[in-house]
$ cat run_19.txt   # compact mmCIF, C-alpha atoms
# COMPACT_ATOMS: atom_id res chain seq x y z
CA MET J 1 58.55 -53.33 0.01
CA SER J 2 56.45 -50.65 1.73
CA GLY J 3 54.32 -50.55 4.83
CA VAL J 4 53.73 -48.90 8.16
CA GLY J 5 55.75 -49.23 11.34
CA LEU J 6 53.67 -50.79 14.12
CA HIS J 7 54.90 -48.53 16.91
CA THR J 8 56.02 -45.39 15.05
CA GLY J 9 53.11 -45.29 12.61
CA LEU J 10 55.53 -44.06 9.95
CA GLN J 11 55.36 -45.17 6.36
CA VAL J 12 58.57 -47.00 5.47
CA LYS J 13 60.09 -48.35 2.30
CA ILE J 14 62.65 -51.13 2.58
CA THR J 15 64.86 -52.65 -0.09
CA ILE J 16 66.59 -55.96 0.55
CA LYS J 17 69.79 -56.11 -1.51
CA PRO J 18 72.36 -58.82 -2.20
CA ALA J 19 75.56 -58.59 -0.18
CA PRO J 20 79.00 -60.19 -0.44
CA ALA J 21 79.97 -63.39 1.35
CA GLY J 22 80.70 -62.83 5.03
CA HIS J 23 78.53 -59.70 5.15
CA GLY J 24 75.72 -61.17 7.23
CA TYR J 25 72.61 -59.08 7.88
CA ARG J 26 72.98 -55.30 8.04
CA PHE J 27 70.46 -52.45 8.03
CA GLN J 28 71.11 -49.07 6.41
CA ARG J 29 69.17 -45.92 7.33
CA ILE J 30 69.22 -44.13 3.98
CA ASP J 31 67.11 -41.28 5.44
CA LEU J 32 69.90 -40.18 7.82
CA PRO J 33 73.05 -38.17 7.06
CA ASP J 34 75.90 -40.42 5.83
CA GLN J 35 73.39 -43.29 5.57
CA PRO J 36 74.74 -45.25 8.57
CA ILE J 37 74.80 -49.05 8.59
CA VAL J 38 73.86 -51.09 11.66
CA LYS J 39 74.80 -54.76 11.92
CA ALA J 40 72.16 -57.21 13.10
CA ASP J 41 74.04 -58.05 16.30
CA ALA J 42 72.84 -59.01 19.77
CA ASP J 43 75.41 -56.63 21.27
CA LEU J 44 73.70 -53.70 19.55
CA VAL J 45 70.20 -54.36 20.93
CA VAL J 46 68.95 -51.37 22.93
CA ASP J 47 65.27 -52.18 23.48
CA THR J 48 63.14 -55.34 23.63
CA SER J 49 59.97 -53.94 25.19
CA ARG J 50 57.70 -54.19 22.14
CA GLY J 51 59.92 -55.94 19.62
CA THR J 52 63.65 -56.01 19.03
CA THR J 53 65.49 -52.75 18.39
CA ILE J 54 69.14 -52.27 17.45
CA GLU J 55 71.12 -49.03 17.42
CA HIS J 56 74.64 -47.90 16.52
CA ASN J 57 76.06 -44.38 16.33
CA GLY J 58 72.61 -42.84 16.68
CA ALA J 59 70.99 -44.95 13.95
CA ARG J 60 68.10 -47.01 15.32
CA ILE J 61 66.03 -49.76 13.66
CA SER J 62 63.03 -51.32 15.41
CA THR J 63 60.88 -54.42 14.98
CA ILE J 64 63.54 -56.32 13.04
CA GLU J 65 62.66 -59.85 14.17
CA HIS J 66 60.08 -60.83 11.54
CA LEU J 67 62.32 -59.83 8.64
CA LEU J 68 65.34 -61.57 10.18
CA ALA J 69 63.27 -64.73 10.66
CA ALA J 70 62.33 -64.60 6.96
CA LEU J 71 65.99 -64.31 5.95
CA VAL J 72 66.98 -67.25 8.16
CA GLY J 73 63.94 -69.25 7.04
CA THR J 74 64.79 -68.79 3.36
CA GLN J 75 68.44 -69.57 4.19
CA VAL J 76 69.77 -66.22 3.01
CA ASP J 77 73.16 -65.62 4.67
CA ASN J 78 74.05 -62.16 3.37
CA ALA J 79 71.76 -59.19 2.78
CA LEU J 80 71.78 -55.39 3.08
CA ILE J 81 68.40 -53.97 4.13
CA GLU J 82 67.91 -50.32 3.20
CA LEU J 83 65.09 -48.42 4.89
CA ASN J 84 64.00 -44.79 5.04
CA ALA J 85 62.49 -44.83 8.55
CA PRO J 86 63.43 -46.18 11.99
CA GLU J 87 61.16 -49.25 11.91
CA VAL J 88 60.69 -52.29 9.69
CA PRO J 89 57.07 -52.40 8.43
CA ILE J 90 54.78 -54.72 10.34
CA LEU J 91 52.84 -55.82 7.21
CA ASP J 92 50.46 -58.59 8.37
CA GLY J 93 52.37 -59.26 11.60
CA SER J 94 54.17 -62.34 10.27
CA SER J 95 57.10 -63.17 7.97
CA ARG J 96 54.95 -64.33 5.08
CA GLU J 97 55.26 -61.30 2.79
CA PHE J 98 59.00 -61.05 3.39
CA VAL J 99 59.45 -64.71 2.46
CA GLU J 100 57.36 -64.34 -0.68
CA ALA J 101 59.31 -61.25 -1.77
CA ILE J 102 62.68 -62.94 -1.15
CA GLU J 103 61.64 -66.03 -3.11
CA SER J 104 60.29 -63.85 -5.91
CA ALA J 105 63.63 -62.05 -6.19
CA GLY J 106 65.50 -65.36 -6.16
CA LEU J 107 68.59 -66.61 -4.38
CA GLN J 108 72.20 -66.75 -5.59
CA GLU J 109 74.76 -69.26 -4.38
CA GLN J 110 78.02 -67.54 -3.52
CA ASP J 111 81.53 -68.78 -4.19
CA ALA J 112 82.48 -69.10 -0.52
CA LYS J 113 82.49 -71.78 2.13
CA ARG J 114 79.50 -71.52 4.44
CA ILE J 115 80.68 -71.89 8.02
CA VAL J 116 78.06 -73.25 10.39
CA TYR J 117 78.95 -73.40 14.07
CA SER J 118 78.15 -76.60 15.93
CA LEU J 119 77.80 -76.82 19.67
CA ASP J 120 79.92 -79.19 21.72
CA ASN J 121 77.92 -78.71 24.93
CA ASN J 122 74.44 -77.69 25.99
CA ILE J 123 73.96 -73.94 26.49
CA HIS J 124 71.32 -73.01 29.07
CA PHE J 125 69.63 -69.72 29.93
CA TYR J 126 67.11 -69.19 32.72
CA ASP J 127 65.34 -66.04 33.86
CA PRO J 128 63.71 -66.77 37.24
CA ALA J 129 61.82 -63.47 37.26
CA LYS J 130 59.97 -64.28 34.02
CA ASN J 131 60.24 -68.08 34.36
CA VAL J 132 61.86 -68.26 30.93
CA ASP J 133 63.92 -71.36 30.21
CA MET J 134 65.96 -71.73 27.02
CA LEU J 135 68.29 -74.54 26.02
CA ALA J 136 70.51 -75.16 22.98
CA ILE J 137 71.42 -78.82 22.44
CA PRO J 138 74.05 -80.03 19.95
CA SER J 139 72.42 -81.18 16.73
CA GLN J 140 73.32 -81.94 13.12
CA ASP J 141 70.97 -79.22 11.88
CA TYR J 142 68.95 -76.23 13.14
CA GLN J 143 65.72 -77.08 14.95
CA VAL J 144 63.47 -75.02 17.24
CA THR J 145 60.80 -76.04 19.75
CA THR J 146 58.77 -73.52 21.73
CA MET J 147 56.26 -73.73 24.55
CA ILE J 148 54.06 -70.87 25.73
CA ASP J 149 51.92 -70.61 28.83
CA PHE J 150 50.30 -67.25 29.62
CA ASN J 151 48.03 -68.70 32.31
CA SER J 152 45.20 -67.89 29.92
CA PRO J 153 42.08 -70.07 29.63
CA ILE J 154 41.81 -68.93 25.99
CA LEU J 155 45.32 -69.85 24.80
CA GLY J 156 46.09 -72.56 27.32
CA THR J 157 49.51 -74.21 27.01
CA GLN J 158 50.76 -74.45 23.43
CA HIS J 159 53.74 -76.09 21.75
CA ALA J 160 55.27 -75.66 18.30
CA SER J 161 58.24 -77.29 16.56
CA LEU J 162 60.28 -76.68 13.43
CA LYS J 163 62.39 -79.69 12.53
CA ASN J 164 64.08 -78.20 9.47
CA LEU J 165 64.39 -74.69 8.01
CA SER J 166 63.03 -76.00 4.72
CA HIS J 167 59.62 -76.20 6.47
CA PHE J 168 59.70 -72.57 7.65
CA LYS J 169 57.63 -71.15 4.79
CA LYS J 170 54.83 -73.70 5.11
CA GLU J 171 54.68 -74.11 8.89
CA ILE J 172 55.86 -70.86 10.49
CA ALA J 173 56.16 -67.87 8.13
CA SER J 174 52.43 -67.00 8.03
CA CYS J 175 51.95 -67.06 11.81
CA ARG J 176 51.13 -63.57 13.06
CA THR J 177 51.93 -61.71 16.20
CA PHE J 178 49.32 -61.78 18.93
CA CYS J 179 48.39 -59.72 21.95
CA PHE J 180 45.76 -59.57 24.67
CA LEU J 181 42.91 -57.10 24.61
CA HIS J 182 44.08 -55.41 27.81
CA GLU J 183 47.46 -54.80 26.16
CA ILE J 184 45.81 -53.06 23.21
CA GLU J 185 43.89 -50.79 25.57
CA TYR J 186 47.10 -49.82 27.39
CA LEU J 187 49.03 -49.27 24.15
CA LEU J 188 46.24 -47.14 22.69
CA GLU J 189 45.95 -45.03 25.83
CA ASN J 190 49.71 -44.40 25.74
CA ASN J 191 49.87 -43.80 21.96
CA LEU J 192 52.30 -46.71 21.57
CA ILE J 193 50.89 -48.50 18.51
CA LYS J 194 50.50 -45.64 16.07
CA GLY J 195 50.62 -48.09 13.18
CA GLY J 196 48.44 -50.69 14.84
CA ASP J 197 45.66 -52.29 12.86
CA LEU J 198 43.45 -55.26 13.58
CA SER J 199 44.74 -56.84 10.35
CA ASN J 200 48.26 -57.35 11.70
CA ALA J 201 47.67 -59.07 15.04
CA ILE J 202 45.57 -61.79 16.62
CA VAL J 203 43.73 -60.26 19.57
CA VAL J 204 43.02 -62.57 22.49
CA VAL J 205 40.08 -61.46 24.64
CA ASP J 206 41.15 -62.37 28.16
CA LYS J 207 38.41 -60.59 30.13
CA PRO J 208 34.70 -59.78 29.85
CA VAL J 209 34.20 -56.98 27.36
CA SER J 210 31.12 -54.81 26.87
CA GLN J 211 29.55 -53.91 23.55
CA GLU J 212 30.47 -50.30 24.26
CA GLU J 213 34.17 -51.24 24.42
CA LEU J 214 33.87 -53.22 21.21
CA ASN J 215 32.22 -50.26 19.48
CA HIS J 216 35.07 -48.04 20.68
CA LEU J 217 37.69 -50.43 19.28
CA ALA J 218 35.81 -50.63 15.98
CA LYS J 219 35.88 -46.86 15.73
CA VAL J 220 39.57 -46.59 16.62
CA PHE J 221 40.58 -49.18 14.02
CA GLY J 222 38.11 -48.09 11.35
CA LYS J 223 36.03 -51.29 11.41
CA ASP J 224 32.28 -51.49 10.88
CA HIS J 225 31.80 -54.22 13.43
CA ILE J 226 33.90 -56.10 15.99
CA GLU J 227 32.80 -59.09 17.99
CA VAL J 228 34.35 -61.79 20.14
CA LYS J 229 34.38 -65.25 18.64
CA GLN J 230 33.44 -68.26 20.69
CA GLU J 231 37.16 -69.17 20.98
CA GLY J 232 37.90 -65.87 22.74
CA ILE J 233 39.50 -64.23 19.67
CA LEU J 234 38.32 -61.03 18.06
CA ASN J 235 36.72 -61.57 14.68
CA ASN J 236 39.44 -59.57 12.95
CA LEU J 237 41.37 -62.61 11.68
CA GLN J 238 41.03 -66.30 10.97
CA MET J 239 43.61 -68.45 12.77
CA GLU J 240 46.17 -70.08 10.44
CA PHE J 241 46.79 -72.91 12.94
CA PRO J 242 45.21 -73.83 16.28
CA ASN J 243 48.61 -73.13 17.89
CA GLU J 244 49.42 -70.05 15.82
CA PRO J 245 50.58 -68.04 18.88
CA ALA J 246 53.16 -70.71 19.78
CA ARG J 247 54.31 -70.82 16.17
CA HIS J 248 54.71 -67.05 16.13
CA LYS J 249 56.82 -67.23 19.28
CA LEU J 250 58.97 -69.76 17.41
CA LEU J 251 59.24 -67.28 14.54
CA ASP J 252 60.38 -64.60 17.00
CA VAL J 253 63.00 -66.96 18.45
CA ILE J 254 64.44 -67.59 14.98
CA GLY J 255 64.50 -63.88 14.19
CA ASP J 256 66.10 -62.86 17.47
CA LEU J 257 68.69 -65.66 17.40
CA ALA J 258 69.77 -64.39 13.98
CA LEU J 259 71.49 -61.70 16.09
CA ILE J 260 74.08 -64.31 17.07
CA GLY J 261 75.66 -63.35 13.76
CA TYR J 262 76.54 -66.91 12.74
CA PRO J 263 74.52 -69.86 11.41
CA ILE J 264 74.42 -72.61 14.02
CA ASN J 265 73.53 -76.27 14.23
CA ALA J 266 71.56 -76.76 17.42
CA HIS J 267 68.17 -77.78 18.73
CA ILE J 268 66.72 -74.74 20.50
CA ILE J 269 64.12 -75.52 23.17
CA ALA J 270 62.43 -72.39 24.49
CA SER J 271 59.84 -72.26 27.27
CA ARG J 272 57.89 -68.99 27.60
CA PRO J 273 60.35 -67.03 25.42
CA GLY J 274 60.22 -63.28 24.84
CA HIS J 275 62.38 -60.78 23.00
CA ALA J 276 64.44 -59.88 26.08
CA SER J 277 65.26 -63.51 26.89
CA ASN J 278 65.86 -64.35 23.22
CA VAL J 279 68.46 -61.60 22.97
CA GLN J 280 70.16 -62.60 26.22
CA PHE J 281 70.29 -66.18 24.98
CA ALA J 282 71.69 -65.01 21.62
CA LYS J 283 74.46 -63.16 23.48
CA LYS J 284 75.29 -66.29 25.47
CA ILE J 285 75.52 -68.44 22.34
CA LYS J 286 77.57 -65.76 20.58
CA GLN J 287 80.03 -65.69 23.47
CA TYR J 288 80.31 -69.48 23.34
CA ILE J 289 81.14 -69.32 19.62
CA ARG J 290 83.72 -66.59 20.20
CA SER J 291 85.39 -68.76 22.82
CA ASN J 292 85.27 -71.87 20.63
CA LYS J 293 85.89 -70.57 17.11
CA HIS J 294 88.49 -73.26 16.69
CA LEU J 295 85.57 -75.71 16.56
CA ALA J 296 84.25 -74.15 13.35
CA GLY J 297 83.98 -76.63 10.53
CA ILE J 298 84.39 -79.69 12.74
CA PRO J 299 81.88 -82.27 11.48
CA SER J 300 79.25 -83.34 13.99
CA TYR J 301 78.79 -87.07 14.53
CA ASP J 302 75.57 -88.39 16.01
CA PRO J 303 75.71 -92.22 16.16
CA ASN J 304 71.91 -92.28 16.36
CA MET J 305 71.58 -90.87 12.84
CA PRO J 306 71.37 -93.41 9.99
CA ALA J 307 74.44 -93.69 7.78
CA ILE J 308 74.41 -92.61 4.14
CA TYR J 309 76.53 -95.68 3.38
CA ASP J 310 76.98 -98.51 5.87
CA ILE J 311 79.82 -101.04 5.85
CA ASN J 312 78.01 -103.38 3.45
CA GLN J 313 77.56 -100.61 0.88
CA ILE J 314 81.13 -99.39 1.39
CA GLU J 315 82.46 -102.85 0.59
CA LYS J 316 80.74 -102.63 -2.80
CA PHE J 317 82.31 -99.21 -3.45
CA LEU J 318 85.91 -99.82 -2.46
CA PRO J 319 88.32 -102.51 -3.67
CA HIS J 320 89.65 -102.84 -0.10
CA LYS J 321 88.60 -105.78 2.05
CA TYR J 322 89.43 -107.08 5.52
CA PRO J 323 91.84 -106.41 7.12
CA PHE J 324 92.52 -103.29 5.08
CA LEU J 325 89.08 -101.71 4.86
CA LEU J 326 89.48 -98.67 7.12
CA VAL J 327 86.07 -96.97 6.81
CA ASP J 328 83.02 -98.06 8.82
CA LYS J 329 80.37 -95.69 7.52
CA ILE J 330 79.71 -92.47 5.62
CA ILE J 331 77.53 -89.97 7.49
CA GLU J 332 77.59 -86.90 5.23
CA MET J 333 78.17 -86.25 1.54
CA SER J 334 77.75 -83.54 -1.09
CA ASP J 335 79.21 -82.98 -4.54
CA ASN J 336 82.47 -81.69 -3.07
CA HIS J 337 82.82 -83.13 0.43
CA VAL J 338 82.35 -86.29 2.44
CA VAL J 339 82.48 -87.25 6.12
CA GLY J 340 83.34 -90.80 7.13
CA ILE J 341 83.77 -92.72 10.38
CA LYS J 342 86.54 -95.09 11.41
CA ASN J 343 86.07 -96.80 14.77
CA VAL J 344 89.47 -97.71 16.19
CA THR J 345 89.41 -100.88 18.31
CA MET J 346 92.00 -103.06 19.98
CA ASN J 347 91.00 -105.83 17.56
CA GLU J 348 92.87 -104.13 14.70
CA GLN J 349 95.56 -106.51 13.46
CA PHE J 350 98.26 -103.83 13.35
CA PHE J 351 98.11 -103.29 17.13
CA THR J 352 99.70 -106.70 17.60
CA GLY J 353 103.06 -105.39 16.44
CA HIS J 354 102.76 -101.59 16.52
CA PHE J 355 103.99 -100.41 19.92
CA PRO J 356 102.88 -103.49 21.90
CA GLY J 357 101.79 -102.41 25.35
CA ASN J 358 101.27 -98.86 24.11
CA PRO J 359 98.92 -99.20 21.12
CA VAL J 360 98.96 -96.23 18.72
CA MET J 361 97.30 -96.24 15.29
CA PRO J 362 100.03 -95.85 12.64
CA GLY J 363 99.96 -92.45 10.95
CA VAL J 364 100.18 -94.01 7.50
CA LEU J 365 96.99 -95.94 8.21
CA GLN J 366 95.25 -92.74 9.29
CA ILE J 367 96.21 -91.32 5.89
CA GLU J 368 94.94 -94.50 4.25
CA SER J 369 91.62 -94.12 6.10
CA MET J 370 91.36 -90.55 4.79
CA ALA J 371 92.15 -91.73 1.27
CA GLN J 372 89.44 -94.39 1.42
CA VAL J 373 86.86 -91.86 2.60
CA GLY J 374 87.90 -89.52 -0.21
CA GLY J 375 87.77 -92.40 -2.66
CA ILE J 376 84.11 -92.95 -1.85
CA LEU J 377 83.36 -89.33 -2.76
CA ALA J 378 85.25 -89.68 -6.04
CA LEU J 379 83.60 -93.00 -6.88
CA ASN J 380 80.14 -91.71 -5.97
CA SER J 381 79.91 -89.91 -9.31
CA TYR J 382 80.38 -93.18 -11.22
CA THR J 383 77.54 -95.55 -12.02
CA ASP J 384 79.88 -98.57 -11.77
CA PRO J 385 82.29 -97.77 -8.92
CA GLU J 386 83.11 -101.44 -8.43
CA ASN J 387 84.99 -101.34 -11.76
CA TYR J 388 87.53 -98.74 -10.56
CA ASP J 389 90.54 -98.69 -8.27
CA THR J 390 92.05 -95.61 -6.63
CA TYR J 391 95.79 -95.01 -6.49
CA PHE J 392 97.81 -92.37 -4.65
CA LEU J 393 99.70 -89.89 -6.80
CA LYS J 394 100.79 -87.49 -4.07
CA ILE J 395 100.61 -86.90 -0.33
CA ASP J 396 101.52 -83.43 0.94
CA LYS J 397 101.45 -81.22 4.04
CA VAL J 398 100.83 -84.11 6.41
CA LYS J 399 100.62 -83.27 10.10
CA PHE J 400 99.99 -85.64 12.99
CA LYS J 401 98.80 -83.56 15.95
CA GLN J 402 97.47 -86.13 18.42
CA LYS J 403 97.82 -89.86 19.05
CA VAL J 404 94.97 -92.11 17.91
CA VAL J 405 94.44 -95.06 20.24
CA PRO J 406 91.96 -97.91 20.69
CA GLY J 407 88.56 -96.61 21.71
CA ASP J 408 88.85 -93.48 19.56
CA THR J 409 86.37 -92.69 16.80
CA LEU J 410 87.99 -90.96 13.83
CA VAL J 411 85.65 -88.48 12.13
CA ILE J 412 87.20 -87.85 8.73
CA HIS J 413 86.30 -84.82 6.60
CA MET J 414 87.49 -84.78 2.98
CA GLU J 415 86.90 -81.87 0.60
CA LEU J 416 87.67 -81.49 -3.08
CA THR J 417 90.08 -78.61 -3.73
CA GLY J 418 89.84 -78.70 -7.52
CA ALA J 419 87.84 -80.11 -10.39
CA VAL J 420 88.22 -83.82 -11.16
CA ARG J 421 90.14 -84.19 -14.45
CA ARG J 422 91.06 -87.45 -16.18
CA GLY J 423 90.10 -89.30 -13.03
CA ILE J 424 92.57 -87.29 -10.93
CA PHE J 425 91.17 -85.65 -7.81
CA GLU J 426 92.79 -83.39 -5.22
CA MET J 427 91.47 -83.29 -1.68
CA LYS J 428 92.18 -81.70 1.63
CA GLY J 429 91.58 -84.01 4.56
CA SER J 430 91.10 -83.50 8.28
CA ALA J 431 90.59 -86.21 10.88
CA TYR J 432 89.16 -85.52 14.32
CA VAL J 433 88.69 -87.37 17.57
CA GLY J 434 85.94 -85.47 19.33
CA ASN J 435 86.78 -81.80 18.82
CA LYS J 436 90.52 -82.36 18.49
CA LEU J 437 92.18 -82.26 15.10
CA VAL J 438 94.47 -85.31 15.04
CA THR J 439 95.62 -85.51 11.42
CA GLU J 440 95.53 -83.34 8.32
CA ALA J 441 96.91 -83.77 4.83
CA GLU J 442 96.50 -82.91 1.15
CA LEU J 443 95.99 -85.93 -1.08
CA VAL J 444 96.05 -86.48 -4.82
CA ALA J 445 94.77 -89.76 -6.21
CA GLN J 446 93.60 -91.19 -9.50
CA LEU J 447 90.71 -93.44 -10.42
CA VAL J 448 91.78 -96.16 -12.83
CA ARG J 449 89.42 -98.55 -14.54
CA LYS J 450 90.16 -102.17 -13.72
CA GLU J 451 91.50 -104.32 -16.50
CA LYS J 452 89.20 -107.07 -17.61
CA LYS J 453 90.58 -110.54 -16.96

$ encode --input "run_19.txt" --output "structure tokens"
Amino acid sequence: MSGVGLHTGLQVKITIKPAPAGHGYRFQRIDLPDQPIVKADADLVVDTSRGTTIEHNGARISTIEHLLAALVGTQVDNALIELNAPEVPILDGSSREFVEAIESAGLQEQDAKRIVYSLDNNIHFYDPAKNVDMLAIPSQDYQVTTMIDFNSPILGTQHASLKNLSHFKKEIASCRTFCFLHEIEYLLENNLIKGGDLSNAIVVVDKPVSQEELNHLAKVFGKDHIEVKQEGILNNLQMEFPNEPARHKLLDVIGDLALIGYPINAHIIASRPGHASNVQFAKKIKQYIRSNKHLAGIPSYDPNMPAIYDINQIEKFLPHKYPFLLVDKIIEMSDNHVVGIKNVTMNEQFFTGHFPGNPVMPGVLQIESMAQVGGILALNSYTDPENYDTYFLKIDKVKFKQKVVPGDTLVIHMELTGAVRRGIFEMKGSAYVGNKLVTEAELVAQLVRKEKK
């Protein structure tokens, strides 16, 4: 893609290339000696005054946030961005053209496990000087909510929300950057928007403006005529949404938080965000992940979310019945993994005789719970699961790391480690209580069709 840099005014060509798993987002300045590569990393941010700028070993790349937001919004995890100038092109001031180009090129699924970091606690950032408040709340997916308030009678207070990244293209990508008229005047006087054009920003008129000033702006930007609309917006652009400025701030948050360097599951709530606060918040989340990397891959359980399979559906799947049905619900499932829940209560029959006075769930029953969860995944591919039984063939590499006692909730993650052949499936299982790994094992079982009586 080609375009002009908003602040440098330089023509720039960028090429977004595939990259191997684990690569993340990296920029390469192919116009510099040795063609240095700069990782999209919050720790490498050197300027946030008019966009987000990263630099490493003398190689600088500016205005990266809209492109990064497009990569996150299209759920691209790994990409190398080559460019022959120090600034990503502004294009129309949104992520729309980046998204369209990425989708046109197509996406490729990589043969690697995608690690998404989940939060165990709220992460809070507050800047009293700018009255910026940002909060990350644990969530089963990535959501963003923004609120802006510039004390402007034109914009007022605006909110925007993105509940799922799959909605990014339709709801957020086309929302353009915005600025106030007095900012344009300052930037022009100081030669700071050499690539500025009234086609790549919404201009909010926040003060009385004379016809002479409008004529001057028209001349500077090569327009025949400029006027102020009734809504207090220059007539350069039509608004995509009534709250387009708030949506663009949300876009900026997504782009800047890409500098965390890891996909995360969290609900981000940002009040009056800006690039500086976004980057500081990204650093705080990144530090949390560094300190809690052992939490990676732990399934998140929100009891408020509806189950994929509840106990009534599970009873139809599995041949087990009371008192040996050891799965209460299934909360997550794909073609190769499943997450199930076992609520451990004092009412379990085995507690009567297993360590009376010091109830501990037997390890073999924890393994049985894991096997039943895995069995649901295996049976899910059959149209008549009620006609099959599952039998153990092998149990290996079992480790019991923590006691499981009444009151605990076992969150059981089972993942296929090989293709299912002749009804035989191999799985790796992990069981958690909270964020603690309590049991792990490798299981091999076989599905056998029931004999007709």

$ residues_near_point --input "run_19.txt" --point "(68.9, -51.8, 7.2)" --cutoff "7 Å" --atoms "only C-alpha atoms" --output "ChimeraX atom specification"
/J:26-29,37-38,80-83

$ atom_distance --input "run_19.txt" --atom1 "CA of Phe425 in chain J" --atom2 "CA of Glu109 in chain J"
23.4 Å

$ atom_distance --input "run_19.txt" --atom1 "CA of Leu162 in chain J" --atom2 "CA of Ala70 in chain J"
13.9 Å

$ closest_residue --input "run_19.txt" --among "J:Val204, J:Ile308, J:Ile260, J:Ile268" --to "Met239 in chain J" --atoms "only C-alpha atoms"
J:Val204

$ residues_around --input "run_19.txt" --residues "Ile148 in chain J" --least-positions-apart "5" --cutoff "10 Å" --atoms "only C-alpha atoms" --output "ChimeraX atom specification"
/J:132,155-160,243,245-247,249-250,270-274

$ closest_residue --input "run_19.txt" --among "J:Ala59, J:Ala276, J:Leu119, J:Val411" --to "Ile30 in chain J" --atoms "only C-alpha atoms"
J:Ala59

$ closest_residue --input "run_19.txt" --among "J:Glu368, J:Glu442, J:Asp256, J:Asp302" --to "Pro138 in chain J" --atoms "only C-alpha atoms"
J:Asp302

$ closest_residue --input "run_19.txt" --among "J:Ser277, J:Asn215, J:Asn57, J:Thr146" --to "Ala129 in chain J" --atoms "all atoms listed in the file"
J:Ser277

$ residues_around --input "run_19.txt" --residues "range 167-179 of chain J" --least-positions-apart "4" --cutoff "6 Å" --atoms "only C-alpha atoms" --output "MDAnalysis selection string"
chainID J and resid 73 93:96 201:203 244 247:248

$ closest_residue --input "run_19.txt" --among "J:Tyr301, J:Phe241, J:Phe350, J:Tyr382" --to "Leu410 in chain J" --atoms "all atoms listed in the file"
J:Tyr301

$ closest_residue --input "run_19.txt" --among "J:Pro306, J:Gly407, J:Gly429, J:Gly363" --to "Val344 in chain J" --atoms "only C-alpha atoms"
J:Gly407

$ atom_distance --input "run_19.txt" --atom1 "CA of Lys397 in chain J" --atom2 "CA of Glu440 in chain J"
7.6 Å

$ axis_aligned_box --input "run_19.txt" --around "range 78-87 of chain J" --padding-each-side "6 Å" --output "AutoDock Vina command-line options"
--center_x 67.6 --center_y -53.5 --center_z 7.4 --size_x 24.9 --size_y 29.4 --size_z 21.2

$ residues_around --input "run_19.txt" --residues "Tyr322 in chain J" --least-positions-apart "5" --cutoff "12 Å" --atoms "all atoms listed in the file" --output "list in words"
Ile311, Glu315, Val327, Asp328, Glu348 and Gln349 of chain J

$ residues_near_point --input "run_19.txt" --point "(65.2, -75.3, 14.9)" --cutoff "9 Å" --atoms "only C-alpha atoms" --output "list in words"
Asp141, Tyr142, Gln143, Val144, Thr145, Ser161, Leu162, Lys163, Asn164, Leu165, Leu250, Ile254, Asn265, Ala266, His267, Ile268 and Ile269 of chain J

$ build_atoms --input "run_19.txt" --residues "range 409-420 of chain J" --atoms "N, CA and C atoms" --output "short mmCIF file (atom, residue, chain, number, x, y, z; two decimals), keeping the file's coordinate frame"
data_model
loop_
_atom_site.label_atom_id
_atom_site.label_comp_id
_atom_site.auth_asym_id
_atom_site.auth_seq_id
_atom_site.Cartn_x
_atom_site.Cartn_y
_atom_site.Cartn_z
N THR J 409 87.17 -92.69 18.03
CA THR J 409 86.37 -92.69 16.80
C THR J 409 86.91 -91.58 15.91
N LEU J 410 87.48 -91.94 14.78
CA LEU J 410 87.99 -90.96 13.83
C LEU J 410 86.83 -90.44 12.98
N VAL J 411 86.62 -89.13 13.01
CA VAL J 411 85.65 -88.48 12.13
C VAL J 411 86.46 -87.79 11.04
N ILE J 412 86.33 -88.27 9.83
CA ILE J 412 87.20 -87.85 8.73
C ILE J 412 86.44 -86.99 7.74
N HIS J 413 86.92 -85.77 7.54
CA HIS J 413 86.30 -84.82 6.60
C HIS J 413 87.23 -84.65 5.40
N MET J 414 86.72 -84.93 4.21
CA MET J 414 87.49 -84.78 2.98
C MET J 414 86.76 -83.81 2.05
N GLU J 415 87.52 -82.89 1.46
CA GLU J 415 86.90 -81.87 0.60
C GLU J 415 87.72 -81.71 -0.67
N LEU J 416 87.01 -81.72 -1.80
CA LEU J 416 87.67 -81.49 -3.08
C LEU J 416 88.23 -80.08 -3.13
N THR J 417 89.47 -79.94 -3.60
CA THR J 417 90.08 -78.61 -3.73
C THR J 417 90.22 -78.20 -5.19
N GLY J 418 89.80 -79.03 -6.09
CA GLY J 418 89.84 -78.70 -7.52
C GLY J 418 88.93 -79.63 -8.29
N ALA J 419 88.70 -79.30 -9.55
CA ALA J 419 87.84 -80.11 -10.39
C ALA J 419 88.51 -81.45 -10.70
N VAL J 420 87.71 -82.49 -10.82
CA VAL J 420 88.22 -83.82 -11.16
C VAL J 420 88.50 -83.85 -12.67
#
